[in-house]
file run-v1.txt (compact mmCIF, C-alpha atoms and all ligand atoms)
# COMPACT_ATOMS: atom_id res chain seq x y z
CA MET A 1 0.00 0.00 0.00
CA LYS A 2 1.31 3.46 -0.89
CA LYS A 3 2.05 5.70 2.09
CA PRO A 4 -0.44 8.59 1.47
CA PHE A 5 -3.22 6.10 0.85
CA TYR A 6 -2.31 4.18 3.98
CA ARG A 7 -2.41 7.43 5.97
CA LEU A 8 -5.83 8.30 4.59
CA VAL A 9 -7.17 4.88 5.59
CA VAL A 10 -5.77 5.25 9.11
CA SER A 11 -7.32 8.76 9.44
CA LEU A 12 -10.69 7.51 8.23
CA ILE A 13 -10.64 4.59 10.66
CA THR A 14 -9.66 6.95 13.49
CA LEU A 15 -12.52 9.30 12.61
CA ALA A 16 -14.98 6.41 12.46
CA VAL A 17 -13.86 5.10 15.86
CA LEU A 18 -14.15 8.57 17.42
CA ALA A 19 -17.57 9.22 15.86
CA ALA A 20 -18.87 5.86 17.09
CA ALA A 21 -17.59 6.65 20.55
CA CYS A 22 -19.32 10.05 20.81
CA TYR A 23 -22.29 10.73 23.02
CA THR A 24 -24.20 13.77 24.26
CA VAL A 25 -23.97 14.66 27.94
CA PRO A 26 -27.44 15.15 29.50
CA GLU A 27 -28.50 18.73 30.38
CA THR A 28 -25.26 20.40 29.25
CA GLY A 29 -25.39 19.02 25.69
CA ARG A 30 -21.59 18.70 25.60
CA ARG A 31 -20.24 16.08 23.20
CA GLY A 32 -18.32 13.51 25.20
CA PHE A 33 -16.51 10.43 23.99
CA SER A 34 -16.01 7.00 25.44
CA PHE A 35 -14.62 3.85 23.88
CA PHE A 36 -16.81 1.81 26.24
CA SER A 37 -20.46 0.94 25.62
CA PRO A 38 -22.96 1.46 28.47
CA ASN A 39 -23.04 -2.33 28.93
CA GLN A 40 -19.25 -2.49 29.22
CA GLU A 41 -19.42 0.35 31.76
CA ILE A 42 -21.89 -1.66 33.84
CA SER A 43 -19.64 -4.73 34.01
CA LEU A 44 -16.48 -2.63 34.61
CA GLY A 45 -18.12 -0.74 37.48
CA ALA A 46 -19.69 -3.86 38.98
CA SER A 47 -16.40 -5.76 39.22
CA ALA A 48 -14.51 -2.76 40.64
CA PHE A 49 -17.29 -2.24 43.20
CA GLU A 50 -17.09 -5.90 44.28
CA ASP A 51 -13.38 -5.38 45.03
CA ILE A 52 -14.10 -2.26 47.08
CA LYS A 53 -16.87 -4.03 49.03
CA ARG A 54 -14.48 -6.86 49.85
CA ASN A 55 -11.80 -4.45 51.11
CA GLU A 56 -13.91 -1.86 52.95
CA LYS A 57 -16.22 -2.34 55.91
CA ILE A 58 -19.88 -2.13 54.87
CA SER A 59 -22.01 -0.29 57.42
CA THR A 60 -24.83 -2.17 59.11
CA ASP A 61 -26.22 1.02 60.69
CA ALA A 62 -29.94 0.92 59.85
CA ALA A 63 -30.52 4.70 59.90
CA HIS A 64 -27.51 5.47 57.68
CA ASN A 65 -28.54 2.77 55.20
CA ARG A 66 -32.18 3.83 55.10
CA ARG A 67 -31.15 7.42 54.45
CA VAL A 68 -28.75 6.64 51.60
CA GLN A 69 -31.14 4.15 49.95
CA GLU A 70 -34.02 6.64 50.07
CA VAL A 71 -32.08 9.62 48.70
CA GLY A 72 -30.24 7.43 46.16
CA ARG A 73 -33.39 5.76 44.86
CA ARG A 74 -35.29 9.03 44.49
CA ILE A 75 -32.49 10.73 42.58
CA ALA A 76 -31.69 7.70 40.40
CA LEU A 77 -35.33 7.78 39.27
CA GLN A 78 -34.68 11.26 37.81
CA ALA A 79 -31.69 9.92 35.87
CA GLU A 80 -33.66 7.04 34.32
CA ASP A 81 -34.42 8.88 31.06
CA HIS A 82 -30.77 9.80 30.59
CA MET A 83 -29.46 6.30 31.17
CA PRO A 84 -32.15 3.63 31.27
CA GLY A 85 -31.66 0.24 32.89
CA VAL A 86 -28.72 1.11 35.15
CA PRO A 87 -28.39 -1.40 38.03
CA TRP A 88 -28.01 1.37 40.64
CA GLU A 89 -26.45 0.29 43.90
CA PHE A 90 -25.87 2.52 46.93
CA VAL A 91 -23.62 1.23 49.68
CA VAL A 92 -22.70 2.85 53.01
CA PHE A 93 -19.14 2.21 54.17
CA ASP A 94 -18.04 2.51 57.80
CA GLY A 95 -15.47 5.20 58.48
CA ASP A 96 -16.41 8.18 60.61
CA ASP A 97 -13.08 9.82 59.79
CA THR A 98 -13.54 9.27 56.07
CA ILE A 99 -15.38 12.21 54.55
CA ASN A 100 -15.88 10.73 51.12
CA ALA A 101 -18.30 9.52 48.48
CA PHE A 102 -17.69 8.17 45.00
CA ALA A 103 -19.38 6.76 41.92
CA LEU A 104 -18.15 4.10 39.53
CA PRO A 105 -19.30 3.75 35.91
CA GLY A 106 -22.52 1.79 35.55
CA GLY A 107 -24.27 3.13 38.65
CA LYS A 108 -22.28 1.99 41.69
CA VAL A 109 -22.24 4.63 44.44
CA GLY A 110 -20.41 4.47 47.77
CA VAL A 111 -20.88 6.87 50.70
CA TYR A 112 -18.79 6.83 53.89
CA THR A 113 -20.36 7.45 57.31
CA GLY A 114 -17.98 10.40 57.80
CA LEU A 115 -19.67 12.22 54.94
CA LEU A 116 -23.13 11.24 56.18
CA ASN A 117 -22.40 12.79 59.57
CA LEU A 118 -21.31 15.99 57.85
CA ALA A 119 -24.31 16.27 55.52
CA GLU A 120 -26.81 17.30 58.18
CA SER A 121 -29.95 17.40 56.07
CA ASP A 122 -31.14 15.11 53.28
CA ASP A 123 -31.02 18.15 50.98
CA GLU A 124 -27.27 18.29 51.55
CA LEU A 125 -26.87 14.54 51.06
CA ALA A 126 -28.95 14.85 47.88
CA ALA A 127 -26.42 17.39 46.58
CA VAL A 128 -23.62 14.81 46.97
CA ILE A 129 -25.59 11.84 45.62
CA GLY A 130 -26.98 13.95 42.75
CA HIS A 131 -23.43 14.96 41.86
CA GLU A 132 -22.21 11.33 41.95
CA ILE A 133 -25.16 10.07 39.89
CA ALA A 134 -24.43 12.83 37.37
CA HIS A 135 -20.85 11.54 36.98
CA VAL A 136 -22.41 8.20 36.00
CA THR A 137 -24.95 9.51 33.46
CA ALA A 138 -22.40 11.94 31.98
CA ARG A 139 -20.10 8.89 31.72
CA HIS A 140 -17.14 10.80 33.17
CA GLY A 141 -15.34 7.66 34.43
CA THR A 142 -14.91 5.91 31.11
CA GLU A 143 -14.53 9.22 29.27
CA ARG A 144 -11.46 9.85 31.40
CA MET A 145 -10.15 6.35 30.68
CA SER A 146 -10.84 6.81 26.97
CA ARG A 147 -8.99 10.12 26.92
CA ALA A 148 -6.01 8.44 28.58
CA MET A 149 -6.14 5.66 25.97
CA ALA A 150 -6.32 8.20 23.12
CA MET A 151 -3.41 10.16 24.63
CA ALA A 152 -1.32 7.00 24.90
CA ALA A 153 -2.09 6.16 21.28
CA ALA A 154 -1.23 9.73 20.22
CA GLY A 155 1.97 9.45 22.26
CA ILE A 156 2.95 6.32 20.35
CA GLY A 157 2.25 8.17 17.10
CA LEU A 158 4.37 11.09 18.30
CA GLY A 159 7.16 8.70 19.26
CA ALA A 160 7.12 7.32 15.74
CA ALA A 161 7.07 10.85 14.27
CA VAL A 162 10.22 11.97 16.11
CA SER A 163 12.05 8.66 15.78
CA GLY A 164 14.25 9.99 12.99
CA ARG A 165 15.42 12.98 15.09
CA ASP A 166 18.42 13.05 17.39
CA GLU A 167 17.94 11.61 20.84
CA GLN A 168 17.84 14.97 22.65
CA THR A 169 15.04 16.32 20.47
CA GLN A 170 13.08 13.10 20.89
CA THR A 171 13.35 13.26 24.67
CA ALA A 172 12.45 16.95 24.78
CA VAL A 173 9.37 16.49 22.61
CA LEU A 174 8.17 13.44 24.52
CA ILE A 175 8.68 15.05 27.93
CA ALA A 176 6.83 18.18 26.82
CA TYR A 177 4.07 15.99 25.48
CA GLY A 178 3.90 13.99 28.72
CA LEU A 179 3.59 17.15 30.81
CA GLY A 180 1.09 18.62 28.38
CA SER A 181 -1.11 15.57 28.49
CA THR A 182 -1.43 15.63 32.27
CA VAL A 183 -1.36 19.31 33.17
CA GLY A 184 -2.69 20.80 29.95
CA VAL A 185 -5.52 18.44 29.20
CA GLU A 186 -6.38 16.25 32.15
CA LEU A 187 -6.71 18.91 34.85
CA PRO A 188 -9.05 21.25 32.97
CA HIS A 189 -11.02 18.21 31.94
CA SER A 190 -11.51 17.13 35.51
CA ARG A 191 -12.46 20.67 36.59
CA ARG A 192 -14.93 20.72 33.74
CA THR A 193 -16.40 17.34 34.67
CA GLU A 194 -16.71 18.53 38.27
CA SER A 195 -18.78 21.58 37.35
CA GLU A 196 -20.74 19.50 34.86
CA ALA A 197 -21.63 17.00 37.61
CA ASP A 198 -22.65 19.92 39.86
CA GLU A 199 -24.89 21.29 37.13
CA ILE A 200 -26.63 18.00 36.29
CA GLY A 201 -26.69 16.84 39.92
CA ILE A 202 -28.42 19.92 41.29
CA LEU A 203 -31.21 19.48 38.71
CA TYR A 204 -31.63 15.78 39.54
CA ALA A 205 -31.82 16.57 43.26
CA ALA A 206 -34.34 19.40 42.72
CA ARG A 207 -36.56 17.23 40.51
CA ALA A 208 -36.47 14.54 43.20
CA GLY A 209 -37.89 17.12 45.61
CA TYR A 210 -34.71 18.08 47.49
CA ASP A 211 -34.02 21.75 48.14
CA PRO A 212 -31.15 22.67 45.79
CA ARG A 213 -29.92 25.31 48.25
CA GLY A 214 -28.63 22.30 50.23
CA ALA A 215 -25.80 22.05 47.67
CA VAL A 216 -24.40 25.46 48.61
CA ARG A 217 -24.73 24.69 52.32
CA PHE A 218 -22.91 21.38 51.84
CA TRP A 219 -19.94 22.83 49.91
CA GLU A 220 -19.62 25.69 52.38
CA ARG A 221 -19.55 23.17 55.21
CA MET A 222 -16.83 21.21 53.40
CA MET A 223 -14.74 24.39 53.22
CA GLU A 224 -15.21 25.00 56.95
CA VAL A 225 -14.22 21.43 57.84
CA SER A 226 -11.19 21.65 55.61
CA ALA A 227 -10.05 24.88 57.30
CA GLY A 228 -9.99 23.13 60.70
CA ARG A 229 -7.96 20.14 59.55
CA ALA A 230 -4.28 19.51 58.93
CA SER A 231 -5.07 17.69 55.67
CA PRO A 232 -8.25 18.16 53.64
CA PRO A 233 -10.92 15.43 53.71
CA GLU A 234 -10.62 12.79 50.93
CA PHE A 235 -13.66 14.18 49.16
CA LEU A 236 -12.03 17.60 48.86
CA SER A 237 -8.86 16.23 47.31
CA THR A 238 -10.88 15.11 44.28
CA HIS A 239 -13.61 17.75 44.67
CA PRO A 240 -11.98 21.10 45.43
CA SER A 241 -14.49 23.42 47.04
CA ASP A 242 -13.91 27.10 46.59
CA THR A 243 -15.79 30.28 45.79
CA THR A 244 -15.76 29.40 42.07
CA ARG A 245 -17.70 26.23 42.80
CA ILE A 246 -20.17 28.03 45.07
CA ASN A 247 -20.63 30.92 42.60
CA ASN A 248 -21.29 28.38 39.88
CA LEU A 249 -23.97 26.68 42.02
CA ASN A 250 -25.57 30.03 42.82
CA ARG A 251 -25.66 30.82 39.11
CA LEU A 252 -27.58 27.56 38.52
CA MET A 253 -29.90 28.20 41.48
CA PRO A 254 -32.82 29.99 39.74
CA GLN A 255 -33.30 27.10 37.29
CA ALA A 256 -32.87 24.51 40.05
CA MET A 257 -35.38 26.35 42.30
CA GLU A 258 -37.87 26.34 39.45
CA GLU A 259 -37.50 22.56 39.12
CA TYR A 260 -37.77 22.17 42.88
CA GLU A 261 -40.98 24.21 43.02
CA LYS A 262 -42.41 22.16 40.15
CA ALA A 263 -41.52 18.90 41.90
CA THR A 264 -42.90 19.85 45.29
CA GLY A 265 -45.84 21.96 44.11
CA ARG A 266 -44.69 24.68 46.50
CA ARG A 267 -43.99 28.27 45.70
CA LEU A 268 -41.05 29.62 47.60
CA ASN A 269 -39.97 33.14 48.44
ZN ZN B 1 -17.16 14.83 41.34

call {"tool": "encode", "arguments": {"input": "run-v1.txt", "output": "C-alpha cells", "more": "lines below"}}
Ligand SMILES: [Zn+2]
result
Amino acid sequence: MKKPFYRLVVSLITLAVLAAACYTVPETGRRGFSFFSPNQEISLGASAFEDIKRNEKISTDAAHNRRVQEVGRRIALQAEDHMPGVPWEFVVFDGDDTINAFALPGGKVGVYTGLLNLAESDDELAAVIGHEIAHVTARHGTERMSRAMAMAAAGIGLGAAVSGRDEQTQTAVLIAYGLGSTVGVELPHSRRTESEADEIGILYAARAGYDPRGAVRFWERMMEVSAGRASPPEFLSTHPSDTTRINNLNRLMPQAMEEYEKATGRRLN
C-alpha cells in the first residue's frame, strides 16, 4: 500500500472510531466520547465495586442505610431517562473519619459514614448523591479512561514521528508531550467534569424534591471542615471546594429552584 493512501485509511478509521464513541452529555449538551459501551461500563463498574466491598467495611447502621437508599433511589429515578436500565447500587461504608463519596461507571455509588455525619440534612446529602449520579450519566469515568487511551495512542504516534530525530530532540518532545497531556488536558477536563456534575446533579436533586440550596450549604460546610484540619478530607482532594464552585452553584440556582418548586408543588420566596 502506498504511504499517502495508507495514511488516509488510518485517518478515516480513526474518525470512524471517534464518531462511534461520541455521546451527548445530558443537560449540558456537551459532546463527550467513550470507547466503552454502556453495557461495558456496567460490568467494569460492577467488578470494581465488588473489590471495594471486599476491602472496605460495609455499614450495618440501619438509619444510615435507610437514608442513603431513600435519597439514592429518588435521585436515580430522575436519571432514568438519561441512562435507562442502570443497576443502581448505593452502599454505606463505615469510616467516621472518612469524609468521602464516590461513583463508579454503571451506577455503583459508595458513601462513607464520615460524609453522612457531615451532611446534616437530606437536601445536603442529595447534593452529593446527585453529583455522583451525574458523573455516571455523563459517563465521566470511562470518558477519562478513553482520553487516557487516546493520549497514549497519540503518544505512540508522536514517538514514531520523532524517531528519525536526534535523541535529545526526541526526549524533549516526549517530555513536553507527557507534561502537556497531564497538566494541559487532564486537569481542565476534571475541573470541567466537576462543574458539569454539579450542574446536572443539582437538577436531579431538585426534581427529586430536594431543596437545591442544600448544595451550597454542603460545599460551604466542606470548606469550613477543611479549614480546621491539617489535611483536607478525601472528598475535597478530588472535589476542590472554593468560591468558584459556590458561585457556579448560585448561578444555577434559579433554574434549580424552578425545578424544585415544580416537583414539590410549593412556591417559595
Ligand atoms: Zn465529582

call {"tool": "closest_atom_pairs", "arguments": {"input": "run-v1.txt", "of": "chain A", "to": "ligand ZN 1 (chain B)", "cutoff": "9 Å", "atoms": "all atoms listed in the file", "output": "Markdown table"}}
result
| residue | atom | partner | partner_atom | distance |
| --- | --- | --- | --- | --- |
| A:Ala101 | CA | B:ZN1 | ZN | 9.0 |
| A:Phe102 | CA | B:ZN1 | ZN | 7.6 |
| A:Ala103 | CA | B:ZN1 | ZN | 8.4 |
| A:Val128 | CA | B:ZN1 | ZN | 8.6 |
| A:His131 | CA | B:ZN1 | ZN | 6.3 |
| A:Glu132 | CA | B:ZN1 | ZN | 6.2 |
| A:Ala134 | CA | B:ZN1 | ZN | 8.5 |
| A:His135 | CA | B:ZN1 | ZN | 6.6 |
| A:Ser190 | CA | B:ZN1 | ZN | 8.4 |
| A:Arg191 | CA | B:ZN1 | ZN | 8.9 |
| A:Thr193 | CA | B:ZN1 | ZN | 7.2 |
| A:Glu194 | CA | B:ZN1 | ZN | 4.8 |
| A:Ser195 | CA | B:ZN1 | ZN | 8.0 |
| A:Glu196 | CA | B:ZN1 | ZN | 8.8 |
| A:Ala197 | CA | B:ZN1 | ZN | 6.2 |
| A:Asp198 | CA | B:ZN1 | ZN | 7.6 |
| A:Phe235 | CA | B:ZN1 | ZN | 8.6 |
| A:Thr238 | CA | B:ZN1 | ZN | 6.9 |
| A:His239 | CA | B:ZN1 | ZN | 5.7 |

call {"tool": "closest_residue", "arguments": {"input": "run-v1.txt", "among": "A:Asp97, A:Glu143, A:Glu261, A:Glu89", "to": "Glu234 in chain A", "atoms": "only C-alpha atoms"}}
result
A:Asp97

call {"tool": "closest_residue", "arguments": {"input": "run-v1.txt", "among": "A:Gly85, A:Val92, A:Arg213, A:Ser47", "to": "Arg66 in chain A", "atoms": "only C-alpha atoms"}}
result
A:Val92

call {"tool": "atom_distance", "arguments": {"input": "run-v1.txt", "atom1": "CA of Ile58 in chain A", "atom2": "CA of Phe90 in chain A"}}
result
11.0 Å

call {"tool": "closest_residue", "arguments": {"input": "run-v1.txt", "among": "A:Ala206, A:Ala21, A:Val10, A:Leu125", "to": "Ser34 in chain A", "atoms": "only C-alpha atoms"}}
result
A:Ala21

call {"tool": "residues_around", "arguments": {"input": "run-v1.txt", "residues": "Glu120 in chain A", "least_positions_apart": "5", "cutoff": "12 Å", "atoms": "all atoms listed in the file", "output": "JSON, numbers by chain"}}
result
{"A": [64, 67, 113, 114, 115, 125, 126, 127, 128, 214, 215, 217, 218, 221, 222]}

call {"tool": "closest_residue", "arguments": {"input": "run-v1.txt", "among": "A:Ile42, A:Ala62, A:Ala256, A:Leu104", "to": "Arg207 in chain A", "atoms": "only C-alpha atoms"}}
result
A:Ala256

call {"tool": "atom_distance", "arguments": {"input": "run-v1.txt", "atom1": "CA of Val91 in chain A", "atom2": "CA of Gly72 in chain A"}}
result
9.7 Å

call {"tool": "closest_residue", "arguments": {"input": "run-v1.txt", "among": "A:Met257, A:Asp123, A:Ile99, A:Ala150", "to": "Val225 in chain A", "atoms": "only C-alpha atoms"}}
result
A:Ile99

call {"tool": "residues_around", "arguments": {"input": "run-v1.txt", "residues": "Ile133 in chain A", "least_positions_apart": "2", "cutoff": "9 Å", "atoms": "only C-alpha atoms", "output": "mmCIF file with C-alpha atoms, in the frame of the given file"}}
result
data_model
loop_
_atom_site.group_PDB
_atom_site.id
_atom_site.type_symbol
_atom_site.label_atom_id
_atom_site.label_comp_id
_atom_site.auth_asym_id
_atom_site.auth_seq_id
_atom_site.Cartn_x
_atom_site.Cartn_y
_atom_site.Cartn_z
ATOM 1 C CA GLY A 72 -30.240 7.430 46.160
ATOM 2 C CA ILE A 75 -32.490 10.730 42.580
ATOM 3 C CA ALA A 76 -31.690 7.700 40.400
ATOM 4 C CA ALA A 79 -31.690 9.920 35.870
ATOM 5 C CA ALA A 103 -19.380 6.760 41.920
ATOM 6 C CA GLY A 107 -24.270 3.130 38.650
ATOM 7 C CA LYS A 108 -22.280 1.990 41.690
ATOM 8 C CA VAL A 109 -22.240 4.630 44.440
ATOM 9 C CA VAL A 128 -23.620 14.810 46.970
ATOM 10 C CA ILE A 129 -25.590 11.840 45.620
ATOM 11 C CA GLY A 130 -26.980 13.950 42.750
ATOM 12 C CA HIS A 131 -23.430 14.960 41.860
ATOM 13 C CA HIS A 135 -20.850 11.540 36.980
ATOM 14 C CA VAL A 136 -22.410 8.200 36.000
ATOM 15 C CA THR A 137 -24.950 9.510 33.460
ATOM 16 C CA ALA A 138 -22.400 11.940 31.980
ATOM 17 C CA ALA A 197 -21.630 17.000 37.610
ATOM 18 C CA ILE A 200 -26.630 18.000 36.290
ATOM 19 C CA GLY A 201 -26.690 16.840 39.920
ATOM 20 C CA TYR A 204 -31.630 15.780 39.540
#
